[in-house]
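As stored in model_0.txt (compact mmCIF, C-alpha atoms):
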```
# COMPACT_ATOMS: atom_id res chain seq x y z
CA MET F 59 11.54 30.60 -18.39
CA LYS F 60 14.61 29.97 -16.21
CA ILE F 61 17.73 31.60 -17.62
CA PRO F 62 20.92 32.33 -15.65
CA ASN F 63 21.12 36.01 -14.69
CA GLY F 64 24.18 36.86 -16.77
CA LYS F 65 22.76 35.26 -19.87
CA ARG F 66 19.39 36.87 -19.25
CA LEU F 67 21.03 40.30 -19.14
CA LEU F 68 22.78 39.60 -22.44
CA VAL F 69 19.54 38.42 -24.06
CA ALA F 70 17.76 41.49 -22.70
CA CYS F 71 20.41 43.84 -24.09
CA MET F 72 20.19 42.15 -27.50
CA GLY F 73 16.41 42.64 -27.39
CA LEU F 74 16.92 46.35 -26.76
CA ILE F 75 19.35 46.69 -29.63
CA LEU F 76 16.88 44.97 -31.94
CA SER F 77 14.02 47.12 -30.74
CA ALA F 78 16.07 50.26 -31.48
CA LEU F 79 16.25 49.50 -35.21
CA PRO F 80 14.07 51.76 -37.35
CA VAL F 81 10.57 50.37 -37.76
CA LEU F 82 8.25 51.60 -40.46
CA ALA F 83 4.61 50.67 -40.31
CA HIS F 84 3.51 51.20 -43.78
CA HIS F 85 6.23 50.84 -46.39
CA SER F 86 9.82 49.83 -46.91
CA PHE F 87 12.16 52.82 -46.66
CA ALA F 88 15.01 51.26 -48.63
CA ALA F 89 12.77 50.38 -51.58
CA GLU F 90 11.84 54.03 -52.07
CA TYR F 91 14.66 56.23 -50.75
CA ASP F 92 18.43 56.49 -51.03
CA SER F 93 20.48 56.17 -47.81
CA ASN F 94 22.67 59.31 -48.27
CA LEU F 95 21.54 62.50 -46.56
CA VAL F 96 21.24 65.68 -48.62
CA THR F 97 20.54 69.18 -47.33
CA LEU F 98 18.07 71.50 -49.06
CA THR F 99 16.78 74.93 -48.10
CA GLY F 100 13.51 76.26 -49.38
CA VAL F 101 10.18 77.93 -48.67
CA ILE F 102 7.21 75.83 -47.56
CA THR F 103 4.45 76.02 -50.21
CA LYS F 104 1.96 73.43 -48.90
CA VAL F 105 1.42 71.19 -45.86
CA GLU F 106 -0.49 67.88 -45.89
CA TRP F 107 -0.92 66.69 -42.27
CA THR F 108 -2.19 63.31 -43.46
CA ASN F 109 -1.91 59.54 -43.08
CA PRO F 110 -0.13 57.29 -43.67
CA HIS F 111 2.55 60.02 -43.82
CA ILE F 112 2.68 63.78 -43.63
CA TYR F 113 3.97 65.71 -46.63
CA PHE F 114 5.14 69.25 -46.95
CA TYR F 115 6.36 70.87 -50.13
CA ILE F 116 9.28 73.28 -50.47
CA ASP F 117 10.40 75.49 -53.36
CA VAL F 118 14.16 75.07 -53.76
CA LYS F 119 16.35 76.93 -56.27
CA ASP F 120 18.79 74.68 -58.13
CA ALA F 121 22.28 75.71 -59.34
CA ALA F 122 20.86 77.18 -62.57
CA GLY F 123 18.39 79.32 -60.63
CA ASN F 124 15.36 77.19 -61.53
CA VAL F 125 12.84 76.60 -58.75
CA VAL F 126 11.97 72.95 -58.06
CA ASN F 127 9.08 72.03 -55.77
CA TRP F 128 10.12 69.07 -53.60
CA ALA F 129 7.69 66.85 -51.67
CA VAL F 130 9.04 65.96 -48.22
CA GLU F 131 7.58 62.87 -46.54
CA GLY F 132 7.61 62.41 -42.74
CA TYR F 133 6.35 60.14 -39.97
CA PRO F 134 2.56 59.69 -39.56
CA PRO F 135 0.78 62.60 -37.80
CA ASN F 136 0.15 60.68 -34.56
CA THR F 137 3.79 59.63 -34.30
CA LEU F 138 4.98 63.20 -34.88
CA LYS F 139 2.56 64.55 -32.28
CA ARG F 140 3.90 62.03 -29.77
CA THR F 141 7.48 63.11 -30.45
CA GLY F 142 6.62 66.80 -29.94
CA PHE F 143 6.29 67.87 -33.60
CA THR F 144 2.95 69.55 -34.21
CA ARG F 145 1.13 70.65 -37.34
CA ASP F 146 1.71 74.27 -36.34
CA ASP F 147 5.48 73.79 -36.65
CA LEU F 148 5.10 73.79 -40.45
CA LYS F 149 3.94 77.17 -41.77
CA VAL F 150 3.44 77.99 -45.45
CA GLY F 151 5.88 80.78 -46.35
CA ASP F 152 8.53 79.79 -43.79
CA MET F 153 12.08 79.19 -45.03
CA VAL F 154 13.32 75.83 -43.67
CA THR F 155 16.41 73.69 -44.10
CA VAL F 156 15.78 69.98 -44.48
CA THR F 157 18.17 67.06 -44.20
CA ALA F 158 16.61 64.26 -46.17
CA TYR F 159 17.00 61.22 -48.44
CA LYS F 160 16.20 61.47 -52.16
CA ALA F 161 13.74 59.18 -53.90
CA LYS F 162 15.40 56.39 -55.88
CA ASP F 163 13.04 56.90 -58.84
CA SER F 164 14.44 60.41 -59.51
CA SER F 165 11.13 62.13 -58.73
CA SER F 166 11.31 65.35 -56.69
CA ARG F 167 10.52 63.53 -53.48
CA LEU F 168 12.42 63.35 -50.20
CA ALA F 169 12.16 61.38 -46.98
CA GLY F 170 12.63 64.15 -44.43
CA ARG F 171 14.96 63.46 -41.53
CA GLU F 172 15.56 66.74 -39.66
CA ILE F 173 13.98 70.15 -40.14
CA SER F 174 15.66 73.42 -39.10
CA PHE F 175 13.02 76.05 -38.49
CA PRO F 176 13.32 79.84 -38.68
CA GLY F 177 14.91 80.83 -35.37
CA GLY F 178 17.22 77.83 -35.37
CA SER F 179 15.23 75.09 -33.60
CA LYS F 180 15.37 71.59 -35.08
CA LYS F 181 13.05 68.60 -35.00
CA PHE F 182 13.13 65.13 -36.49
CA ALA F 183 10.46 64.68 -39.15
CA GLY F 184 11.12 61.10 -40.20
CA PRO F 185 13.32 58.07 -39.65
CA ALA F 186 17.03 57.69 -40.31
CA ALA F 187 17.85 55.32 -43.17
CA ALA F 188 19.22 51.99 -41.92
CA GLN F 189 22.96 52.08 -42.63
CA MET M 242 35.52 36.50 -0.08
CA THR M 243 36.42 34.54 -3.21
CA ILE M 244 36.63 36.01 -6.70
CA ARG M 245 33.69 33.82 -7.59
CA SER M 246 31.46 35.24 -4.87
CA LEU M 247 32.59 38.79 -5.73
CA ARG M 248 31.61 38.14 -9.33
CA PHE M 249 28.20 36.85 -8.16
CA LEU M 250 27.66 39.96 -6.02
CA ALA M 251 28.62 42.23 -8.91
CA ILE M 252 26.15 40.51 -11.26
CA ALA M 253 23.44 40.58 -8.57
CA ALA M 254 24.02 44.31 -7.96
CA LEU M 255 23.89 45.03 -11.69
CA ALA M 256 20.74 42.93 -12.04
CA ALA M 257 19.13 44.75 -9.09
CA SER M 258 20.06 48.17 -10.50
CA LEU M 259 18.39 47.20 -13.78
CA GLY M 260 15.28 45.93 -11.99
CA LEU M 261 15.94 42.30 -12.93
CA GLY M 262 14.46 39.70 -10.65
CA GLU M 263 11.98 42.17 -9.21
CA THR M 264 8.93 40.43 -7.75
CA LYS M 265 6.47 43.32 -7.70
CA PRO M 266 2.95 41.82 -7.95
CA ILE M 267 1.20 42.26 -11.28
CA PRO M 268 -2.19 44.02 -11.40
CA ARG M 269 -5.16 41.63 -11.39
CA THR M 270 -8.83 41.89 -12.28
CA ALA M 271 -11.63 41.16 -9.77
CA ASP M 272 -11.70 37.52 -10.96
CA GLY M 273 -7.98 37.14 -10.23
CA LYS M 274 -6.69 37.13 -13.81
CA PRO M 275 -3.70 39.26 -14.84
CA ASP M 276 -5.06 42.67 -15.87
CA LEU M 277 -3.75 43.26 -19.40
CA SER M 278 -5.96 46.29 -19.97
CA GLY M 279 -4.41 49.51 -21.16
CA VAL M 280 -2.39 50.92 -24.04
CA TRP M 281 0.59 48.90 -25.29
CA GLN M 282 3.19 49.26 -28.02
CA SER M 283 5.98 47.12 -29.43
CA GLY M 284 8.37 49.68 -30.89
CA GLY M 285 8.77 52.89 -32.83
CA VAL M 286 10.16 56.36 -32.31
CA SER M 287 7.24 57.51 -30.16
CA LEU M 288 8.02 54.72 -27.67
CA TYR M 289 11.83 54.41 -27.77
CA GLY M 290 12.95 57.75 -29.26
CA GLU M 291 15.22 58.25 -32.25
CA PRO M 292 17.47 55.20 -32.75
CA GLY M 293 21.00 55.93 -31.56
CA LEU M 294 20.04 59.31 -30.09
CA ALA M 295 19.13 60.04 -26.49
CA THR M 296 15.75 61.56 -27.34
CA LYS M 297 14.00 59.32 -24.77
CA PRO M 298 15.30 57.66 -21.59
CA ALA M 299 16.45 54.11 -22.35
CA ALA M 300 14.00 51.42 -21.23
CA ALA M 301 15.28 48.87 -18.70
CA PRO M 302 15.91 45.42 -20.13
CA PRO M 303 12.72 43.35 -19.81
CA VAL M 304 12.61 40.73 -17.03
CA ASN M 305 11.25 38.15 -19.43
CA PRO M 306 12.57 38.70 -22.99
CA PRO M 307 10.70 37.21 -25.93
CA PRO M 308 12.23 34.28 -27.83
CA LYS M 309 14.90 35.08 -30.39
CA ARG M 310 13.34 35.44 -33.83
CA GLU M 311 14.40 32.62 -36.13
CA PRO M 312 14.38 32.74 -39.93
CA ILE M 313 11.06 31.54 -41.35
CA PRO M 314 11.45 27.77 -42.01
CA TYR M 315 10.04 27.68 -45.54
CA GLN M 316 9.77 24.54 -47.62
CA SER M 317 12.22 24.93 -50.52
CA TRP M 318 9.57 25.82 -53.13
CA ALA M 319 8.06 28.36 -50.72
CA ASP M 320 11.47 29.88 -50.01
CA ALA M 321 11.96 30.37 -53.76
CA LYS M 322 8.49 31.89 -54.10
CA SER M 323 9.10 34.21 -51.14
CA LYS M 324 12.18 35.62 -52.90
CA THR M 325 10.13 36.62 -55.97
CA TYR M 326 8.31 39.31 -53.97
CA THR M 327 9.57 42.87 -53.51
CA ALA M 328 8.62 45.63 -51.08
CA ALA M 329 6.27 46.92 -53.80
CA ASP M 330 4.12 43.81 -53.23
CA ASP M 331 3.68 44.46 -49.49
CA PRO M 332 -0.04 44.42 -48.62
CA ASP M 333 0.60 47.06 -45.95
CA LEU M 334 1.84 49.44 -48.65
CA ARG M 335 -1.78 49.47 -49.85
CA CYS M 336 -3.06 50.06 -46.31
CA LEU M 337 -4.53 46.55 -46.02
CA LEU M 338 -4.90 44.85 -42.62
CA ALA M 339 -1.52 43.59 -41.41
CA GLY M 340 -2.67 40.18 -40.11
CA ILE M 341 -1.32 38.25 -37.14
CA PRO M 342 1.32 38.22 -35.72
CA ARG M 343 2.62 41.13 -37.84
CA ILE M 344 0.20 43.73 -36.49
CA THR M 345 1.54 43.34 -32.94
CA SER M 346 4.96 44.68 -33.97
CA MET M 347 3.69 47.75 -35.82
CA PRO M 348 5.23 50.92 -34.33
CA MET M 349 1.86 52.22 -33.19
CA PRO M 350 -0.11 51.70 -29.98
CA PHE M 351 -3.06 49.40 -29.36
CA GLU M 352 -5.45 49.12 -26.44
CA ILE M 353 -6.48 45.93 -24.68
CA VAL M 354 -9.92 45.94 -23.04
CA GLN M 355 -10.52 42.92 -20.84
CA THR M 356 -13.65 41.41 -19.31
CA PRO M 357 -14.12 37.92 -17.79
CA LYS M 358 -15.87 36.84 -21.03
CA GLU M 359 -13.83 38.48 -23.77
CA VAL M 360 -10.73 40.46 -24.62
CA VAL M 361 -10.91 43.27 -27.17
CA ILE M 362 -7.81 44.62 -28.88
CA ALA M 363 -8.18 47.94 -30.72
CA TYR M 364 -5.17 48.73 -32.91
CA GLU M 365 -4.29 52.20 -34.14
CA SER M 366 -2.58 50.72 -37.20
CA TYR M 367 -5.02 50.09 -40.03
CA HIS M 368 -7.97 50.56 -37.64
CA ALA M 369 -7.89 46.85 -36.91
CA PHE M 370 -9.82 45.36 -34.02
CA ARG M 371 -10.23 41.90 -32.56
CA ILE M 372 -13.08 40.74 -30.34
CA ILE M 373 -11.73 37.60 -28.67
CA PRO M 374 -14.15 35.41 -26.67
CA ILE M 375 -12.70 33.55 -23.68
CA ASN M 376 -13.53 29.94 -24.47
CA ASP M 377 -11.70 27.19 -22.59
CA LYS M 378 -12.21 24.70 -25.43
CA LEU M 379 -10.76 27.19 -27.97
CA GLN M 380 -13.78 26.47 -30.13
CA HIS M 381 -13.95 28.53 -33.35
CA PRO M 382 -17.22 29.16 -35.18
CA ASN M 383 -17.90 26.55 -37.88
CA ASP M 384 -18.87 29.06 -40.56
CA LEU M 385 -15.49 30.75 -41.05
CA VAL M 386 -14.49 32.17 -44.41
CA PRO M 387 -10.84 33.25 -44.81
CA THR M 388 -10.10 36.77 -43.53
CA TRP M 389 -7.12 39.11 -43.07
CA MET M 390 -7.10 38.95 -39.26
CA GLY M 391 -8.54 35.44 -38.89
CA ASP M 392 -10.78 34.29 -36.05
CA SER M 393 -9.49 34.51 -32.47
CA VAL M 394 -10.55 32.65 -29.34
CA ALA M 395 -8.70 32.63 -26.03
CA ARG M 396 -8.24 30.80 -22.76
CA TRP M 397 -6.18 31.40 -19.65
CA ASP M 398 -3.24 29.04 -19.14
CA GLY M 399 -2.34 29.98 -15.56
CA ASP M 400 -1.35 33.64 -15.82
CA THR M 401 -0.84 33.57 -19.59
CA LEU M 402 -3.57 34.59 -22.03
CA VAL M 403 -3.40 32.11 -24.91
CA VAL M 404 -5.09 33.23 -28.14
CA ASP M 405 -5.77 30.69 -30.87
CA VAL M 406 -6.16 32.21 -34.35
CA THR M 407 -7.27 30.45 -37.52
CA GLY M 408 -9.44 31.21 -40.57
CA PHE M 409 -6.82 33.39 -42.29
CA ASN M 410 -6.72 34.30 -45.96
CA ASP M 411 -3.35 33.96 -47.74
CA LYS M 412 -2.93 37.68 -48.46
CA THR M 413 -1.02 38.93 -45.38
CA TRP M 414 2.71 38.68 -44.68
CA LEU M 415 4.24 37.27 -41.48
CA SER M 416 6.89 39.98 -41.11
CA GLY M 417 9.38 41.13 -43.75
CA THR M 418 9.31 41.28 -47.54
CA GLY M 419 7.80 38.20 -49.17
CA SER M 420 6.95 36.37 -45.93
CA PHE M 421 3.76 34.87 -47.33
CA HIS M 422 1.71 32.02 -45.85
CA SER M 423 -1.26 29.86 -46.87
CA GLU M 424 -4.85 29.69 -45.70
CA ALA M 425 -3.80 26.71 -43.57
CA MET M 426 -1.89 28.99 -41.19
CA HIS M 427 -2.62 28.58 -37.48
CA VAL M 428 -1.23 31.04 -34.94
CA VAL M 429 -1.04 30.61 -31.16
CA GLU M 430 -0.27 33.83 -29.31
CA ARG M 431 0.75 34.09 -25.67
CA PHE M 432 0.42 37.31 -23.65
CA LEU M 433 2.32 37.16 -20.34
CA LEU M 434 2.12 40.21 -18.04
CA ASN M 435 5.39 40.67 -16.14
CA SER M 436 6.34 42.28 -12.83
CA ASP M 437 8.15 45.09 -14.71
CA ASP M 438 4.84 46.12 -16.33
CA THR M 439 5.76 44.66 -19.70
CA ILE M 440 3.99 41.96 -21.69
CA THR M 441 6.06 39.19 -23.22
CA TYR M 442 4.29 38.45 -26.51
CA THR M 443 5.05 35.17 -28.26
CA ALA M 444 3.47 33.82 -31.44
CA THR M 445 3.96 30.33 -32.81
CA VAL M 446 2.97 29.90 -36.44
CA THR M 447 2.24 26.56 -38.08
CA ASP M 448 1.45 26.23 -41.76
CA PRO M 449 2.02 22.69 -43.09
CA LYS M 450 1.51 23.84 -46.69
CA VAL M 451 4.52 26.21 -46.70
CA LEU M 452 6.61 25.70 -43.54
CA THR M 453 8.79 22.72 -42.58
CA LYS M 454 8.17 23.28 -38.85
CA THR M 455 6.64 25.74 -36.39
CA TRP M 456 7.99 29.31 -36.61
CA THR M 457 8.21 31.30 -33.39
CA THR M 458 8.42 35.07 -33.09
CA GLY M 459 7.76 37.57 -30.34
CA THR M 460 8.24 41.03 -28.94
CA ILE M 461 8.16 42.98 -25.70
CA LEU M 462 5.16 45.23 -25.23
CA ARG M 463 5.45 48.35 -23.11
CA ARG M 464 3.01 51.04 -21.99
CA PRO M 465 3.79 54.18 -24.01
CA PRO M 466 3.40 57.12 -21.56
CA ASN M 467 0.60 59.66 -22.09
CA THR M 468 -0.62 57.85 -25.19
CA ARG M 469 -4.13 57.07 -26.34
CA VAL M 470 -5.07 55.14 -29.46
CA GLU M 471 -6.04 57.64 -32.14
CA GLU M 472 -7.32 57.67 -35.71
CA TYR M 473 -5.13 56.40 -38.55
CA GLU M 474 -6.92 56.57 -41.90
CA CYS M 475 -4.15 54.99 -43.94
CA ASN M 476 -5.82 55.60 -47.32
CA GLU M 477 -6.08 59.35 -46.80
CA ASN M 478 -2.95 60.29 -48.78
CA ASN M 479 -1.09 57.09 -49.66
CA GLN M 480 1.53 58.24 -52.16
CA ASP M 481 4.31 55.66 -51.76
CA ALA M 482 3.21 52.72 -53.92
CA PRO M 483 4.03 54.14 -57.39
CA HIS M 484 7.50 55.18 -56.20
CA MET M 485 8.72 51.80 -54.96
CA VAL M 486 11.78 50.65 -56.85
CA LYS M 487 11.53 46.95 -57.74
CA LYS M 488 14.70 45.01 -57.05
```

Kindly present the structure from the file in structure tokens form.
Amino acid sequence: MKIPNGKRLLVACMGLILSALPVLAHHSFAAEYDSNLVTLTGVITKVEWTNPHIYFYIDVKDAAGNVVNWAVEGYPPNTLKRTGFTRDDLKVGDMVTVTAYKAKDSSSRLAGREISFPGGSKKFAGPAAAQ
Amino acid sequence: MTIRSLRFLAIAALAASLGLGETKPIPRTADGKPDLSGVWQSGGVSLYGEPGLATKPAAAPPVNPPPKREPIPYQSWADAKSKTYTAADDPDLRCLLAGIPRITSMPMPFEIVQTPKEVVIAYESYHAFRIIPINDKLQHPNDLVPTWMGDSVARWDGDTLVVDVTGFNDKTWLSGTGSFHSEAMHVVERFLLNSDDTITYTATVTDPKVLTKTWTTGTILRRPPNTRVEEYECNENNQDAPHMVKK
């Protein structure tokens, strides 16, 4: 394929921009989750290090003092491992703060974006919603 | 020095700094063919980092970009049918094999194993595999029944591995929501190993029952560092399907 250098550079840059868009293997993000981030703090009650997505569950107190158990979905285990997020990062009993997207069907489910761990470190748990 | 030659030098310097036009020889097998073996990946956070955040060093622009992806050229009835589907109908949501060419762009690695007689591709996503005989006549078996991944045979066209795929069922999608096809689909894939250690992957899709003309798509494949293909049992804990909002 013979393309002038300048044009080739432009095409290459466009390819990079396209390849930087969020890609989900298994399901459409927008069909399940809202695109506005919320922040919730709670105690981890259960961890499912499973495919096609990991889940962990947190007990969060609402404004009336009632405890709601939220399911937080993340990337697949292999993807997380390759980004430096291991199963041992999620410990039952730990208090964590999660930025996440709420399920559109009003169930107590979240797509986790970033987790703040005890001690202050943060890791990405799942993709950003396409804006 | 004229402005024109200065401009040329500036573009050449930029191109050189980005590794464009490099003529490093590609690795070859003992029989002289390009050596495609190894682990490859099209996209995803584990290859490129978090979109918009510098969590991974940016990859250099590829020396040989894939063709621009065009809209799927559906016949008008097929276009209307395509729009009746929602993300809740996606076969991948139910962990079913992604088909070709869609599986190549999944954000998970796959490994190519190459011998003079066949090429094997083992995909992490959906535990798919393809055993592809090298067969200069691109002769498919005559006892095919329609399947999710079809039947693949390959030949070398110079330095490009050309894979001819037919025998598909009509249950996979080509790419996005509703991108259905018929059992008449025929896919020709081209794998071209480049001097920058990328593969330019191109797929041309013909399907006279639903398309008005050939549809071309493609992607750049890179070697994800320190990555091996691992287990992905998609049906282990698949919770998403009941929560999809139809729209």

Report, as AutoDock Vina command-line options, the centre and edge lengths in Å (one decimal) of the axis-aligned box enclosing every listed atom of segment 333-344 of chain M, padded by 5 Å on each side.
```
--center_x -1.1 --center_y 44.1 --center_z -42.8 --size_x 17.5 --size_y 21.8 --size_z 24.1
```

Which neighbours of segment 371-379 of chain M fall inside 8 Å, counting all atoms listed in the file, when residues of the same chain fewer than 2 positions from it are skipped, and could you give them as a VMD selection string? chain M and resid 357 to 363 369 381 390 393 to 397 404 to 405

Considering only C-alpha atoms, return as a VMD selection string whatever protein or nucleic-acid residues lie within 7 Å of segment 84-98 of chain F, sequence-local ones (same chain, fewer than 5 positions apart) excluded. (chain F and resid 155 to 162 169 187) or (chain M and resid 328 333 to 334 484 to 486)

Could you check how far atom CA of Ser416 of chain M sits from atom CA of Gln282 of chain M, in Å to one decimal?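 If I compute the distance from atom CA of Ser416 of chain M to atom CA of Gln282 of chain M, I get 16.5 Å.
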
Determine the nearest neighbour of chain F from the options M:Trp318, M:Tyr442, M:Tyr289, M:Tyr364, counting only C-alpha atoms.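 Among M:Trp318, M:Tyr442, M:Tyr289, M:Tyr364, it is M:Tyr289 that comes nearest to chain F.
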
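For the pair atom CA of Ala188 of chain F and atom CA of Ala339 of chain M, the separation is 22.4 Å.
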
Test item: residues at most 9 Å from segment 424-430 of chain M, all atoms listed in the file, excluding those fewer than 4 positions along its chain, as a list in words: Ile341, Pro342, Pro387, Leu402, Val403, Val404, Asp405, Val406, Thr407, Gly408, Phe409, Asn410, Asp411, Lys412, Tyr442, Thr443, Ala444, Thr445, Val446, Thr447, Asp448, Pro449, Lys450, Val451 and Gly459 of chain M

Which residue of F:Lys119, F:Lys149, F:Lys104, F:Lys181 approaches chain M most closely, using all atoms listed in the file: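 For chain M, the nearest of the candidates is F:Lys181.
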
Could you pull out every residue with an atom within 7 Å of (12.1, 41.4, -17.7), file coordinates, counting only C-alpha atoms, and send them as a PyMOL selection string? chain M and resi 261+302-306+435+437

Within 9 Å of (-0.7, 53.2, -31.7) (coordinates as in the file), grab all the protein and nucleic acid residues, counting all atoms listed in the file, and write them out as a ChimeraX atom specification. /F:136-137 /M:280-282,347-352,364-366,465,468-473

Of M:Asn383, M:Thr457, M:Thr418, M:Ser278, the one sitting nearest chain F when using all atoms listed in the file is M:Thr418

Would you compute the distance between atom CA of Thr401 of chain M and atom CA of Trp389 of chain M? Give it in Å to one decimal.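 Separation of atom CA of Thr401 of chain M and atom CA of Trp389 of chain M: 24.9 Å.
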
Mind checking which residues fall within 8 Å of Ile102 of chain F, counting all atoms listed in the file, ignoring those fewer than 3 positions away in the same chain, and posting them as an NGL selection string? :F and (105 or 114-117 or 148-154)

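Shortest separation to chain F among M:Lys322, M:Arg335, M:Arg463, M:Lys454 occurs at residue M:Arg335, atoms counted being only C-alpha atoms.
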
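Distance check against chain F using all atoms listed in the file: of M:Thr356, M:Thr296, M:Thr413, M:Thr270, the minimum falls on M:Thr296.
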
Which residue gives the smallest distance to chain M among F:Gly123, F:Pro134, F:Gly100, F:Gly177, with all atoms listed in the file counted?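 So, comparing all the options, the nearest one is F:Pro134.
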
Kindly reconstruct segment 444-455 of chain M with N, CA and C atoms and present the result as a PDB file, keeping the file's coordinate frame.
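File result.pdb, as written:
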```pdb
ATOM      1  N   ALA M 444       4.402  34.412 -30.464  1.00  0.00           N
ATOM      2  CA  ALA M 444       3.470  33.820 -31.440  1.00  0.00           C
ATOM      3  C   ALA M 444       4.148  32.618 -32.082  1.00  0.00           C
ATOM      4  N   THR M 445       3.450  31.491 -32.082  1.00  0.00           N
ATOM      5  CA  THR M 445       3.960  30.330 -32.810  1.00  0.00           C
ATOM      6  C   THR M 445       3.045  30.114 -34.017  1.00  0.00           C
ATOM      7  N   VAL M 446       3.691  29.959 -35.158  1.00  0.00           N
ATOM      8  CA  VAL M 446       2.970  29.900 -36.440  1.00  0.00           C
ATOM      9  C   VAL M 446       3.205  28.525 -37.051  1.00  0.00           C
ATOM     10  N   THR M 447       2.114  27.809 -37.322  1.00  0.00           N
ATOM     11  CA  THR M 447       2.240  26.560 -38.080  1.00  0.00           C
ATOM     12  C   THR M 447       1.505  26.720 -39.395  1.00  0.00           C
ATOM     13  N   ASP M 448       2.063  26.161 -40.430  1.00  0.00           N
ATOM     14  CA  ASP M 448       1.450  26.230 -41.760  1.00  0.00           C
ATOM     15  C   ASP M 448       2.035  25.077 -42.577  1.00  0.00           C
ATOM     16  N   PRO M 449       1.422  23.879 -42.459  1.00  0.00           N
ATOM     17  CA  PRO M 449       2.020  22.690 -43.090  1.00  0.00           C
ATOM     18  C   PRO M 449       2.134  22.791 -44.603  1.00  0.00           C
ATOM     19  N   LYS M 450       1.419  23.718 -45.224  1.00  0.00           N
ATOM     20  CA  LYS M 450       1.510  23.840 -46.690  1.00  0.00           C
ATOM     21  C   LYS M 450       2.764  24.579 -47.134  1.00  0.00           C
ATOM     22  N   VAL M 451       3.330  25.437 -46.268  1.00  0.00           N
ATOM     23  CA  VAL M 451       4.520  26.210 -46.700  1.00  0.00           C
ATOM     24  C   VAL M 451       5.717  26.118 -45.760  1.00  0.00           C
ATOM     25  N   LEU M 452       5.500  25.740 -44.489  1.00  0.00           N
ATOM     26  CA  LEU M 452       6.610  25.700 -43.540  1.00  0.00           C
ATOM     27  C   LEU M 452       7.031  24.248 -43.276  1.00  0.00           C
ATOM     28  N   THR M 453       8.307  24.065 -42.915  1.00  0.00           N
ATOM     29  CA  THR M 453       8.790  22.720 -42.580  1.00  0.00           C
ATOM     30  C   THR M 453       8.546  22.408 -41.105  1.00  0.00           C
ATOM     31  N   LYS M 454       8.418  23.467 -40.283  1.00  0.00           N
ATOM     32  CA  LYS M 454       8.170  23.280 -38.850  1.00  0.00           C
ATOM     33  C   LYS M 454       7.547  24.559 -38.307  1.00  0.00           C
ATOM     34  N   THR M 455       7.232  24.559 -37.023  1.00  0.00           N
ATOM     35  CA  THR M 455       6.640  25.740 -36.390  1.00  0.00           C
ATOM     36  C   THR M 455       7.644  26.890 -36.391  1.00  0.00           C
TER      37      THR M 455
END
```
